[in-house]
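Structure file data_22.txt (compact mmCIF, C-alpha atoms) follows.
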```txt
# COMPACT_ATOMS: atom_id res chain seq x y z
CA MET A 15 0.00 0.00 0.00
CA GLU A 16 1.44 3.36 -0.97
CA LEU A 17 2.05 5.42 2.15
CA SER A 18 3.38 8.90 2.67
CA GLY A 19 6.67 9.38 4.48
CA ALA A 20 4.85 10.34 7.66
CA GLN A 21 2.58 7.32 7.47
CA LYS A 22 5.47 4.94 7.07
CA LYS A 23 6.59 5.88 10.55
CA ILE A 24 4.72 4.40 13.49
CA ASP A 25 1.52 6.40 13.81
CA PRO A 26 0.69 7.34 17.42
CA VAL A 27 -2.92 6.27 16.89
CA ALA A 28 -1.77 2.72 16.26
CA ASP A 29 -0.81 2.48 19.94
CA SER A 30 -4.50 2.61 20.85
CA SER A 31 -5.00 -0.66 18.98
CA ASP A 32 -3.19 -2.55 21.73
CA SER A 33 -6.30 -2.62 23.91
CA LEU A 34 -8.24 -4.12 21.00
CA MET A 35 -5.71 -6.73 19.91
CA GLU A 36 -3.77 -7.77 23.00
CA PRO A 37 -6.32 -9.96 24.86
CA LEU A 38 -7.10 -12.22 21.90
CA GLN A 39 -3.51 -12.27 20.67
CA LYS A 40 -2.41 -13.72 24.01
CA ILE A 41 -4.96 -16.54 23.82
CA SER A 42 -4.99 -17.14 20.06
CA ARG A 43 -3.05 -20.41 20.38
CA GLN A 44 -5.09 -21.78 23.27
CA CYS A 45 -8.12 -24.03 22.96
CA ARG A 46 -11.37 -24.35 24.87
CA GLN A 47 -14.29 -26.74 24.74
CA CYS A 48 -17.57 -25.64 23.21
CA ILE A 49 -20.41 -26.29 25.67
CA VAL A 50 -22.71 -27.31 22.79
CA SER A 51 -20.60 -29.61 20.60
CA GLY A 52 -17.96 -30.64 23.15
CA GLU A 53 -15.34 -29.93 20.49
CA LYS A 54 -12.06 -28.25 21.47
CA LEU A 55 -11.29 -25.32 19.20
CA PRO A 56 -8.80 -22.44 19.07
CA LEU A 57 -10.16 -19.42 20.89
CA SER A 58 -9.94 -17.44 17.66
CA LYS A 59 -12.86 -19.58 16.42
CA MET A 60 -14.97 -19.19 19.54
CA VAL A 61 -16.96 -16.62 21.47
CA ARG A 62 -16.50 -16.17 25.20
CA PHE A 63 -19.36 -15.41 27.59
CA VAL A 64 -19.35 -14.54 31.29
CA ILE A 65 -22.09 -14.27 33.89
CA GLY A 66 -22.63 -10.68 35.00
CA PRO A 67 -23.31 -9.45 38.55
CA ASP A 68 -27.07 -9.69 37.89
CA ASN A 69 -26.69 -13.30 36.62
CA THR A 70 -27.16 -12.23 33.01
CA VAL A 71 -25.16 -13.96 30.27
CA VAL A 72 -22.82 -11.35 28.78
CA PRO A 73 -20.85 -11.76 25.49
CA ASP A 74 -17.13 -11.06 25.95
CA ILE A 75 -15.95 -10.37 22.41
CA LYS A 76 -12.55 -8.98 23.42
CA GLY A 77 -11.89 -11.82 25.89
CA ASN A 78 -11.01 -9.56 28.81
CA LEU A 79 -14.06 -9.41 31.10
CA PRO A 80 -13.61 -10.76 34.63
CA GLY A 81 -15.20 -14.04 35.59
CA ARG A 82 -15.15 -17.67 34.53
CA GLY A 83 -15.45 -17.97 30.77
CA ILE A 84 -18.10 -20.01 29.01
CA TRP A 85 -17.09 -20.82 25.44
CA LEU A 86 -19.12 -21.47 22.30
CA SER A 87 -18.19 -22.06 18.69
CA ALA A 88 -18.47 -18.82 16.72
CA ASP A 89 -21.63 -19.76 14.87
CA ARG A 90 -25.27 -18.81 15.15
CA ILE A 91 -26.43 -22.39 15.64
CA SER A 92 -24.32 -23.00 18.73
CA ILE A 93 -25.46 -19.83 20.49
CA LYS A 94 -29.14 -20.49 19.77
CA THR A 95 -28.78 -24.11 20.84
CA ALA A 96 -27.11 -23.11 24.12
CA CYS A 97 -29.98 -20.71 24.82
CA ARG A 98 -32.68 -23.23 23.95
CA ARG A 99 -31.17 -26.08 25.98
CA ASN A 100 -30.31 -23.94 29.02
CA LEU A 101 -26.63 -24.85 28.65
CA PHE A 102 -25.37 -21.56 30.06
CA ALA A 103 -26.96 -22.39 33.43
CA ARG A 104 -25.48 -25.87 33.35
CA ALA A 105 -22.00 -24.52 32.59
CA ALA A 106 -22.28 -21.82 35.26
CA ARG A 107 -23.80 -24.27 37.77
CA ARG A 108 -26.46 -21.78 38.76
CA SER A 109 -29.56 -20.07 37.44
CA VAL A 110 -28.79 -17.43 34.83
CA ARG A 111 -30.75 -15.00 32.70
CA VAL A 112 -30.35 -15.21 28.93
CA ASN A 113 -31.59 -12.36 26.77
CA GLU A 114 -33.75 -13.47 23.85
CA ASP A 115 -31.63 -11.47 21.42
CA LEU A 116 -28.27 -12.82 22.66
CA VAL A 117 -27.11 -13.99 19.24
CA ASP A 118 -27.98 -10.58 17.75
CA GLN A 119 -26.01 -8.91 20.56
CA VAL A 120 -22.98 -11.01 19.62
CA GLU A 121 -23.38 -10.07 15.97
CA ALA A 122 -23.61 -6.35 16.77
CA LEU A 123 -20.54 -6.50 19.03
CA LEU A 124 -18.48 -8.31 16.39
CA VAL A 125 -19.54 -5.78 13.75
CA ARG A 126 -18.47 -2.99 16.11
CA ARG A 127 -15.10 -4.65 16.73
CA CYS A 128 -14.49 -5.08 13.00
CA THR A 129 -15.31 -1.44 12.25
CA GLU A 130 -13.14 -0.25 15.16
CA LEU A 131 -10.15 -2.24 13.94
CA LEU A 132 -10.65 -1.08 10.37
CA ALA A 133 -10.93 2.54 11.50
CA LEU A 134 -7.66 2.21 13.42
CA ALA A 135 -6.01 0.74 10.33
CA ARG A 136 -7.29 3.66 8.24
CA ARG A 137 -5.91 6.22 10.67
CA ALA A 138 -2.58 4.40 10.75
CA GLY A 139 -2.38 4.56 6.95
CA GLN A 140 -2.89 0.79 6.61
CA ALA A 141 -6.32 0.82 4.95
CA VAL A 142 -7.84 2.67 2.00
CA CYS A 143 -11.22 2.69 0.26
CA GLY A 144 -12.56 3.65 -3.14
CA TYR A 145 -12.10 1.87 -6.44
CA MET A 146 -9.14 3.92 -7.71
CA LYS A 147 -7.14 3.78 -4.47
CA VAL A 148 -7.80 0.07 -3.98
CA GLU A 149 -6.83 -0.69 -7.58
CA ALA A 150 -3.55 1.20 -7.15
CA CYS A 151 -2.74 -0.70 -3.97
CA LEU A 152 -3.51 -4.04 -5.61
CA ARG A 153 -1.21 -3.23 -8.51
CA SER A 154 1.56 -2.29 -6.05
CA GLY A 155 1.20 -5.72 -4.45
CA ASP A 156 0.91 -4.45 -0.87
CA VAL A 157 -2.59 -5.69 0.06
CA ALA A 158 -3.19 -8.39 2.65
CA TYR A 159 -6.98 -8.37 2.35
CA LEU A 160 -9.35 -7.03 -0.28
CA LEU A 161 -12.55 -5.75 1.34
CA GLY A 162 -15.94 -5.78 -0.34
CA ALA A 163 -19.39 -4.79 0.88
CA SER A 164 -21.53 -7.87 1.42
CA ASP A 165 -24.68 -6.06 0.26
CA ALA A 166 -23.14 -4.66 -2.93
CA SER A 167 -24.12 -6.09 -6.29
CA GLU A 168 -22.22 -9.14 -7.46
CA SER A 169 -20.82 -7.22 -10.40
CA GLY A 170 -19.65 -4.47 -8.06
CA ARG A 171 -17.89 -6.90 -5.70
CA LYS A 172 -16.15 -8.64 -8.60
CA LYS A 173 -15.08 -5.43 -10.30
CA LEU A 174 -11.49 -5.77 -9.04
CA GLY A 175 -11.35 -9.54 -9.45
CA GLY A 176 -9.10 -9.45 -12.47
CA ILE A 177 -6.20 -7.93 -10.55
CA ALA A 178 -6.86 -9.57 -7.18
CA LEU A 179 -6.78 -13.25 -8.07
CA GLU A 180 -4.32 -14.14 -5.30
CA THR A 181 -5.51 -11.69 -2.67
CA ALA A 182 -7.64 -12.92 0.23
CA ARG A 183 -11.14 -11.40 0.21
CA ILE A 184 -13.27 -10.42 3.18
CA GLU A 185 -16.87 -9.58 2.32
CA ILE A 186 -18.57 -9.60 5.72
CA LEU A 187 -19.43 -5.94 6.39
CA GLN A 188 -22.20 -4.04 4.65
CA ARG A 189 -21.72 -0.79 2.76
CA GLY A 190 -22.85 1.37 5.67
CA GLU A 191 -20.64 -0.54 8.13
CA LEU A 192 -17.59 -0.15 5.91
CA GLY A 193 -18.53 3.49 5.46
CA LEU A 194 -18.58 3.98 9.23
CA ALA A 195 -15.01 2.66 9.48
CA PHE A 196 -13.81 4.97 6.69
CA GLY A 197 -15.80 8.05 7.74
CA ARG A 198 -18.16 7.88 4.75
CA ASP A 199 -21.83 7.13 4.18
CA ALA A 200 -21.10 3.94 2.27
CA VAL A 201 -18.09 2.03 0.93
CA VAL A 202 -18.03 -0.86 -1.54
CA HIS A 203 -14.28 -1.44 -2.05
CA GLY A 204 -11.48 -1.38 0.50
CA ALA A 205 -7.94 -2.70 0.94
CA LEU A 206 -6.02 -3.57 4.09
CA ALA A 207 -2.23 -3.76 4.33
CA SER A 208 -0.48 -6.53 6.24
CA GLY A 209 0.17 -6.14 9.95
CA GLY A 210 -1.26 -6.79 13.38
CA LEU A 211 -4.43 -4.80 12.76
CA ALA A 212 -5.09 -6.70 9.55
CA GLU A 213 -4.77 -10.07 11.27
CA SER A 214 -6.97 -9.01 14.19
CA PHE A 215 -9.56 -7.74 11.72
CA ALA A 216 -9.46 -10.97 9.73
CA GLU A 217 -9.91 -13.03 12.90
CA SER A 218 -12.91 -11.00 14.03
CA ALA A 219 -14.39 -11.11 10.53
CA ALA A 220 -14.05 -14.92 10.47
CA ARG A 221 -15.95 -15.18 13.74
CA LEU A 222 -18.60 -12.81 12.43
CA THR A 223 -19.10 -14.97 9.33
CA GLY A 224 -20.78 -17.72 11.35
CA ILE A 225 -22.81 -15.28 13.45
CA ARG A 226 -24.34 -12.99 10.82
CA ARG A 227 -28.05 -13.29 10.13
CA TRP A 228 -27.62 -14.79 6.69
CA PRO A 229 -30.08 -17.19 5.03
CA GLU A 230 -27.60 -20.09 5.13
CA ASN A 231 -27.02 -19.62 8.86
CA GLU A 232 -30.75 -19.44 9.57
CA GLU A 233 -31.43 -22.53 7.43
CA LYS A 234 -28.78 -24.51 9.33
CA ASN A 235 -30.40 -23.44 12.57
CA GLU A 236 -33.80 -24.62 11.40
CA ARG A 237 -32.36 -28.03 10.44
CA LYS A 238 -30.71 -28.23 13.84
```
Once you've parsed the file, please lay out its structure as structure tokens.
Amino acid sequence: MELSGAQKKIDPVADSSDSLMEPLQKISRQCRQCIVSGEKLPLSKMVRFVIGPDNTVVPDIKGNLPGRGIWLSADRISIKTACRRNLFARAARRSVRVNEDLVDQVEALLVRRCTELLALARRAGQAVCGYMKVEACLRSGDVAYLLGASDASESGRKKLGGIALETARIEILQRGELGLAFGRDAVVHGALASGGLAESFAESAARLTGIRRWPENEEKNERK
């Protein structure tokens, strides 16, 4: 990604990313057992929950809230199953309160985390948006992830496909959500340079993929 001389130096704003990245980076190589499937998975593929002071189940997206963690696979089915089968109470060994919209809370928190990380990358000169800027970055070869709005037209998302054949794509955020990260009303195309922020964003985006209210996720839940 083409950066100005000032941007190539460490941007002071990048220091504020530590609070967003550090907790999950420390535990990224650890594993926990999903209370629904019983499968042991890396924490980067799971969502942590804790029981709050009022006995309410609270999502802990950043992995830094106090209390004993309760872990679930990062997918919509697992969270809904845990709610339906009262598995949070069993794991906590006491009565707990589960909000009906818990899975939607998790989705909203993951969207917020993704936009926060992307905004930090933009301020640090590690992310750009707009067709022309993204095309230039792709041609320079300094793009770790090509970003596309999930609610854009198929032709719009594939517009840069010819010069991004080997670049990993992330199409999880909607136009308005990408726009929020870049300080615009809506964004269709974006590019993210390699680095710690990019990897943290990709990890959060992967977790969000299984949580989003998409037809395929809802159909799997119905079959479950």
Closest contacts (stretch 173-208 of chain A/stretch 147-159 of chain A, max 10 Å, only C-alpha atoms) as a tab-separated table:
```
residue	atom	partner	partner_atom	distance
A:Lys173	CA	A:Glu149	CA	9.9
A:Leu174	CA	A:Glu149	CA	7.0
A:Ile177	CA	A:Leu152	CA	6.8
A:Ala178	CA	A:Leu152	CA	6.7
A:Glu180	CA	A:Ala158	CA	9.9
A:Thr181	CA	A:Tyr159	CA	6.2
A:Ala182	CA	A:Tyr159	CA	5.1
A:Arg183	CA	A:Tyr159	CA	5.6
A:Ile184	CA	A:Tyr159	CA	6.7
A:Glu185	CA	A:Tyr159	CA	10.0
A:His203	CA	A:Val148	CA	6.9
A:Gly204	CA	A:Val148	CA	6.0
A:Ala205	CA	A:Val148	CA	5.6
A:Leu206	CA	A:Tyr159	CA	5.2
A:Ala207	CA	A:Val157	CA	4.7
A:Ser208	CA	A:Ala158	CA	4.9
```
With C-alpha atoms retained, write the just-selected residues as a CSV table (one decimal), keeping the file's coordinate frame.
```csv
chain,number,residue,atom,x,y,z
A,173,LYS,CA,-15.1,-5.4,-10.3
A,174,LEU,CA,-11.5,-5.8,-9.0
A,177,ILE,CA,-6.2,-7.9,-10.6
A,178,ALA,CA,-6.9,-9.6,-7.2
A,180,GLU,CA,-4.3,-14.1,-5.3
A,181,THR,CA,-5.5,-11.7,-2.7
A,182,ALA,CA,-7.6,-12.9,0.2
A,183,ARG,CA,-11.1,-11.4,0.2
A,184,ILE,CA,-13.3,-10.4,3.2
A,185,GLU,CA,-16.9,-9.6,2.3
A,203,HIS,CA,-14.3,-1.4,-2.0
A,204,GLY,CA,-11.5,-1.4,0.5
A,205,ALA,CA,-7.9,-2.7,0.9
A,206,LEU,CA,-6.0,-3.6,4.1
A,207,ALA,CA,-2.2,-3.8,4.3
A,208,SER,CA,-0.5,-6.5,6.2
```
Inset, instruction - Please indicate the distance in Å from atom CA of A:Ile186 to atom CA of A:Ile93, rounded to one decimal place. - result: 19.2 Å
If we count all atoms listed in the file and set the cut-off at 10 Å, which residues sit around A:Arg198, ignoring sequence neighbours fewer than 6 positions away in its own chain? Please answer as a PDB file with C-alpha atoms, keeping the file's coordinate frame.
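The new file selection37.pdb reads:
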```
ATOM      1  CA  CYS A 143     -11.220   2.690   0.260  1.00  0.00           C
ATOM      2  CA  ARG A 189     -21.720  -0.790   2.760  1.00  0.00           C
ATOM      3  CA  GLY A 190     -22.850   1.370   5.670  1.00  0.00           C
ATOM      4  CA  GLU A 191     -20.640  -0.540   8.130  1.00  0.00           C
ATOM      5  CA  LEU A 192     -17.590  -0.150   5.910  1.00  0.00           C
TER       6      LEU A 192
END
```
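Considering all atoms listed in the file, the residue among A:Leu187, A:Leu101, A:Val142, A:Val71 positioned nearest to A:Val120 is A:Val71.
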Inset, instruction - State, in Å with one decimal place, the distance from atom CA of A:Leu116 to atom CA of A:Thr95. - result: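 Atom CA of A:Thr95 lies at a distance of 11.4 Å from atom CA of A:Leu116.
The environment of stretch 222-227 of chain A within 8 Å, counting all atoms listed in the file and disregarding residues fewer than 6 places along the same chain, consists of Ala88, Asp89, Arg90, Val117, Val120, Glu121, Leu124, Val125 and Ile186 of chain A.
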Inset, instruction - For A:Gly52, please output as a ChimeraX atom specification all residues within 12 Å (counting only C-alpha atoms; exclusion window: fewer than 2 positions along the same chain). - result: /A:45-50,54-55,85-87,92,96,101,105
Let me see the file: selected residues, C-alpha atoms, as a PDB file, in the coordinates of the input.
```pdb
ATOM      1  CA  CYS A  45      -8.120 -24.030  22.960  1.00  0.00           C
ATOM      2  CA  ARG A  46     -11.370 -24.350  24.870  1.00  0.00           C
ATOM      3  CA  GLN A  47     -14.290 -26.740  24.740  1.00  0.00           C
ATOM      4  CA  CYS A  48     -17.570 -25.640  23.210  1.00  0.00           C
ATOM      5  CA  ILE A  49     -20.410 -26.290  25.670  1.00  0.00           C
ATOM      6  CA  VAL A  50     -22.710 -27.310  22.790  1.00  0.00           C
ATOM      7  CA  LYS A  54     -12.060 -28.250  21.470  1.00  0.00           C
ATOM      8  CA  LEU A  55     -11.290 -25.320  19.200  1.00  0.00           C
ATOM      9  CA  TRP A  85     -17.090 -20.820  25.440  1.00  0.00           C
ATOM     10  CA  LEU A  86     -19.120 -21.470  22.300  1.00  0.00           C
ATOM     11  CA  SER A  87     -18.190 -22.060  18.690  1.00  0.00           C
ATOM     12  CA  SER A  92     -24.320 -23.000  18.730  1.00  0.00           C
ATOM     13  CA  ALA A  96     -27.110 -23.110  24.120  1.00  0.00           C
ATOM     14  CA  LEU A 101     -26.630 -24.850  28.650  1.00  0.00           C
ATOM     15  CA  ALA A 105     -22.000 -24.520  32.590  1.00  0.00           C
TER      16      ALA A 105
END
```
Legend entry - Among listed residues A:Leu160, A:Ser51, A:Ala133, A:Asp199, nearest A:Leu179 (using all atoms listed in the file):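 Looking at the shortest contact to A:Leu179, the residue is A:Leu160.
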Legend entry - Residue among A:Leu132, A:Arg127, A:Asp165, A:Gly66 lying closest to A:Ala195, counting all atoms listed in the file: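 So, comparing all the options, the nearest one is A:Leu132.
Of note, atom CA of A:Pro56 and atom CA of A:Gly210 are spaced 18.3 Å apart.
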Inset, instruction - Could you give me, as a PyMOL selection string, the residues that sit within 12 Å of (-34.5, -13.5, 29.8) in the file's coordinates, counting only C-alpha atoms? - result: chain A and resi 68-72+97-98+100+109-116
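Taking only C-alpha atoms into account, A:Lys59 lies nearest to A:Arg221 out of the set A:Arg137, A:Arg126, A:Arg221, A:Arg108.
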Could you put an axis-aligned box around every listed atom of stretch 124-142 of chain A, padded by 4 Å on each side, and send me its centre and edge lengths in Å to one decimal, as AutoDock Vina command-line options?
```
--center_x -11.0 --center_y -1.0 --center_z 9.4 --size_x 25.2 --size_y 22.5 --size_z 22.7
```
Reconstruct N, CA and C atoms of stretch 157-191 of chain A from the incomplete input and present them as a PDB file, keeping the file's coordinate frame.
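The resulting file, out.pdb, is shown below:
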```
ATOM      1  N   VAL A 157      -1.247  -5.536  -0.511  1.00  0.00           N
ATOM      2  CA  VAL A 157      -2.590  -5.690   0.060  1.00  0.00           C
ATOM      3  C   VAL A 157      -2.695  -7.072   0.680  1.00  0.00           C
ATOM      4  N   ALA A 158      -2.989  -7.103   1.964  1.00  0.00           N
ATOM      5  CA  ALA A 158      -3.190  -8.390   2.650  1.00  0.00           C
ATOM      6  C   ALA A 158      -4.607  -8.904   2.439  1.00  0.00           C
ATOM      7  N   TYR A 159      -5.578  -7.984   2.498  1.00  0.00           N
ATOM      8  CA  TYR A 159      -6.980  -8.370   2.350  1.00  0.00           C
ATOM      9  C   TYR A 159      -7.725  -7.351   1.488  1.00  0.00           C
ATOM     10  N   LEU A 160      -8.476  -7.862   0.539  1.00  0.00           N
ATOM     11  CA  LEU A 160      -9.350  -7.030  -0.280  1.00  0.00           C
ATOM     12  C   LEU A 160     -10.735  -7.045   0.372  1.00  0.00           C
ATOM     13  N   LEU A 161     -11.268  -5.872   0.661  1.00  0.00           N
ATOM     14  CA  LEU A 161     -12.550  -5.750   1.340  1.00  0.00           C
ATOM     15  C   LEU A 161     -13.649  -5.423   0.341  1.00  0.00           C
ATOM     16  N   GLY A 162     -14.799  -6.064   0.509  1.00  0.00           N
ATOM     17  CA  GLY A 162     -15.940  -5.780  -0.340  1.00  0.00           C
ATOM     18  C   GLY A 162     -17.208  -5.747   0.492  1.00  0.00           C
ATOM     19  N   ALA A 163     -18.131  -4.875   0.151  1.00  0.00           N
ATOM     20  CA  ALA A 163     -19.390  -4.790   0.880  1.00  0.00           C
ATOM     21  C   ALA A 163     -20.250  -6.008   0.567  1.00  0.00           C
ATOM     22  N   SER A 164     -20.753  -6.647   1.609  1.00  0.00           N
ATOM     23  CA  SER A 164     -21.530  -7.870   1.420  1.00  0.00           C
ATOM     24  C   SER A 164     -22.877  -7.608   0.750  1.00  0.00           C
ATOM     25  N   ASP A 165     -23.385  -6.374   0.865  1.00  0.00           N
ATOM     26  CA  ASP A 165     -24.680  -6.060   0.260  1.00  0.00           C
ATOM     27  C   ASP A 165     -24.534  -5.301  -1.056  1.00  0.00           C
ATOM     28  N   ALA A 166     -23.336  -5.257  -1.609  1.00  0.00           N
ATOM     29  CA  ALA A 166     -23.140  -4.660  -2.930  1.00  0.00           C
ATOM     30  C   ALA A 166     -23.542  -5.670  -3.993  1.00  0.00           C
ATOM     31  N   SER A 167     -23.765  -5.191  -5.200  1.00  0.00           N
ATOM     32  CA  SER A 167     -24.120  -6.090  -6.290  1.00  0.00           C
ATOM     33  C   SER A 167     -22.952  -7.024  -6.592  1.00  0.00           C
ATOM     34  N   GLU A 168     -23.274  -8.171  -7.137  1.00  0.00           N
ATOM     35  CA  GLU A 168     -22.220  -9.140  -7.460  1.00  0.00           C
ATOM     36  C   GLU A 168     -21.222  -8.563  -8.449  1.00  0.00           C
ATOM     37  N   SER A 169     -21.714  -7.821  -9.413  1.00  0.00           N
ATOM     38  CA  SER A 169     -20.820  -7.220 -10.400  1.00  0.00           C
ATOM     39  C   SER A 169     -19.904  -6.186  -9.745  1.00  0.00           C
ATOM     40  N   GLY A 170     -20.460  -5.466  -8.753  1.00  0.00           N
ATOM     41  CA  GLY A 170     -19.650  -4.470  -8.060  1.00  0.00           C
ATOM     42  C   GLY A 170     -18.553  -5.112  -7.237  1.00  0.00           C
ATOM     43  N   ARG A 171     -18.884  -6.228  -6.535  1.00  0.00           N
ATOM     44  CA  ARG A 171     -17.890  -6.900  -5.700  1.00  0.00           C
ATOM     45  C   ARG A 171     -16.790  -7.525  -6.542  1.00  0.00           C
ATOM     46  N   LYS A 172     -17.121  -7.956  -7.761  1.00  0.00           N
ATOM     47  CA  LYS A 172     -16.150  -8.640  -8.600  1.00  0.00           C
ATOM     48  C   LYS A 172     -15.396  -7.696  -9.532  1.00  0.00           C
ATOM     49  N   LYS A 173     -15.656  -6.416  -9.385  1.00  0.00           N
ATOM     50  CA  LYS A 173     -15.080  -5.430 -10.300  1.00  0.00           C
ATOM     51  C   LYS A 173     -13.561  -5.462 -10.308  1.00  0.00           C
ATOM     52  N   LEU A 174     -12.953  -5.751  -9.149  1.00  0.00           N
ATOM     53  CA  LEU A 174     -11.490  -5.770  -9.040  1.00  0.00           C
ATOM     54  C   LEU A 174     -10.929  -7.198  -9.124  1.00  0.00           C
ATOM     55  N   GLY A 175     -11.776  -8.142  -9.439  1.00  0.00           N
ATOM     56  CA  GLY A 175     -11.350  -9.540  -9.450  1.00  0.00           C
ATOM     57  C   GLY A 175     -10.197  -9.856 -10.374  1.00  0.00           C
ATOM     58  N   GLY A 176     -10.139  -9.154 -11.495  1.00  0.00           N
ATOM     59  CA  GLY A 176      -9.100  -9.450 -12.470  1.00  0.00           C
ATOM     60  C   GLY A 176      -7.697  -9.168 -11.992  1.00  0.00           C
ATOM     61  N   ILE A 177      -7.542  -8.255 -11.041  1.00  0.00           N
ATOM     62  CA  ILE A 177      -6.200  -7.930 -10.550  1.00  0.00           C
ATOM     63  C   ILE A 177      -6.013  -8.341  -9.088  1.00  0.00           C
ATOM     64  N   ALA A 178      -6.950  -9.135  -8.582  1.00  0.00           N
ATOM     65  CA  ALA A 178      -6.860  -9.570  -7.180  1.00  0.00           C
ATOM     66  C   ALA A 178      -7.055 -11.075  -7.056  1.00  0.00           C
ATOM     67  N   LEU A 179      -6.554 -11.809  -8.035  1.00  0.00           N
ATOM     68  CA  LEU A 179      -6.780 -13.250  -8.070  1.00  0.00           C
ATOM     69  C   LEU A 179      -6.153 -13.969  -6.881  1.00  0.00           C
ATOM     70  N   GLU A 180      -5.024 -13.473  -6.385  1.00  0.00           N
ATOM     71  CA  GLU A 180      -4.320 -14.140  -5.300  1.00  0.00           C
ATOM     72  C   GLU A 180      -4.472 -13.450  -3.958  1.00  0.00           C
ATOM     73  N   THR A 181      -5.328 -12.447  -3.908  1.00  0.00           N
ATOM     74  CA  THR A 181      -5.510 -11.690  -2.670  1.00  0.00           C
ATOM     75  C   THR A 181      -6.718 -12.209  -1.899  1.00  0.00           C
ATOM     76  N   ALA A 182      -6.542 -12.439  -0.604  1.00  0.00           N
ATOM     77  CA  ALA A 182      -7.640 -12.920   0.230  1.00  0.00           C
ATOM     78  C   ALA A 182      -8.748 -11.860   0.285  1.00  0.00           C
ATOM     79  N   ARG A 183      -9.995 -12.321   0.187  1.00  0.00           N
ATOM     80  CA  ARG A 183     -11.140 -11.400   0.210  1.00  0.00           C
ATOM     81  C   ARG A 183     -11.898 -11.537   1.515  1.00  0.00           C
ATOM     82  N   ILE A 184     -12.384 -10.425   2.012  1.00  0.00           N
ATOM     83  CA  ILE A 184     -13.270 -10.420   3.180  1.00  0.00           C
ATOM     84  C   ILE A 184     -14.493  -9.588   2.806  1.00  0.00           C
ATOM     85  N   GLU A 185     -15.635 -10.256   2.711  1.00  0.00           N
ATOM     86  CA  GLU A 185     -16.870  -9.580   2.320  1.00  0.00           C
ATOM     87  C   GLU A 185     -17.929  -9.870   3.387  1.00  0.00           C
ATOM     88  N   ILE A 186     -17.708  -9.319   4.578  1.00  0.00           N
ATOM     89  CA  ILE A 186     -18.570  -9.600   5.720  1.00  0.00           C
ATOM     90  C   ILE A 186     -19.331  -8.363   6.184  1.00  0.00           C
ATOM     91  N   LEU A 187     -18.773  -7.175   5.963  1.00  0.00           N
ATOM     92  CA  LEU A 187     -19.430  -5.940   6.390  1.00  0.00           C
ATOM     93  C   LEU A 187     -20.263  -5.342   5.259  1.00  0.00           C
ATOM     94  N   GLN A 188     -21.351  -4.690   5.628  1.00  0.00           N
ATOM     95  CA  GLN A 188     -22.200  -4.040   4.650  1.00  0.00           C
ATOM     96  C   GLN A 188     -21.651  -2.664   4.281  1.00  0.00           C
ATOM     97  N   ARG A 189     -22.230  -2.075   3.246  1.00  0.00           N
ATOM     98  CA  ARG A 189     -21.720  -0.790   2.760  1.00  0.00           C
ATOM     99  C   ARG A 189     -21.712   0.288   3.844  1.00  0.00           C
ATOM    100  N   GLY A 190     -22.784   0.366   4.611  1.00  0.00           N
ATOM    101  CA  GLY A 190     -22.850   1.370   5.670  1.00  0.00           C
ATOM    102  C   GLY A 190     -21.851   1.105   6.784  1.00  0.00           C
ATOM    103  N   GLU A 191     -21.602  -0.184   7.083  1.00  0.00           N
ATOM    104  CA  GLU A 191     -20.640  -0.540   8.130  1.00  0.00           C
ATOM    105  C   GLU A 191     -19.216  -0.228   7.696  1.00  0.00           C
TER     106      GLU A 191
END
```
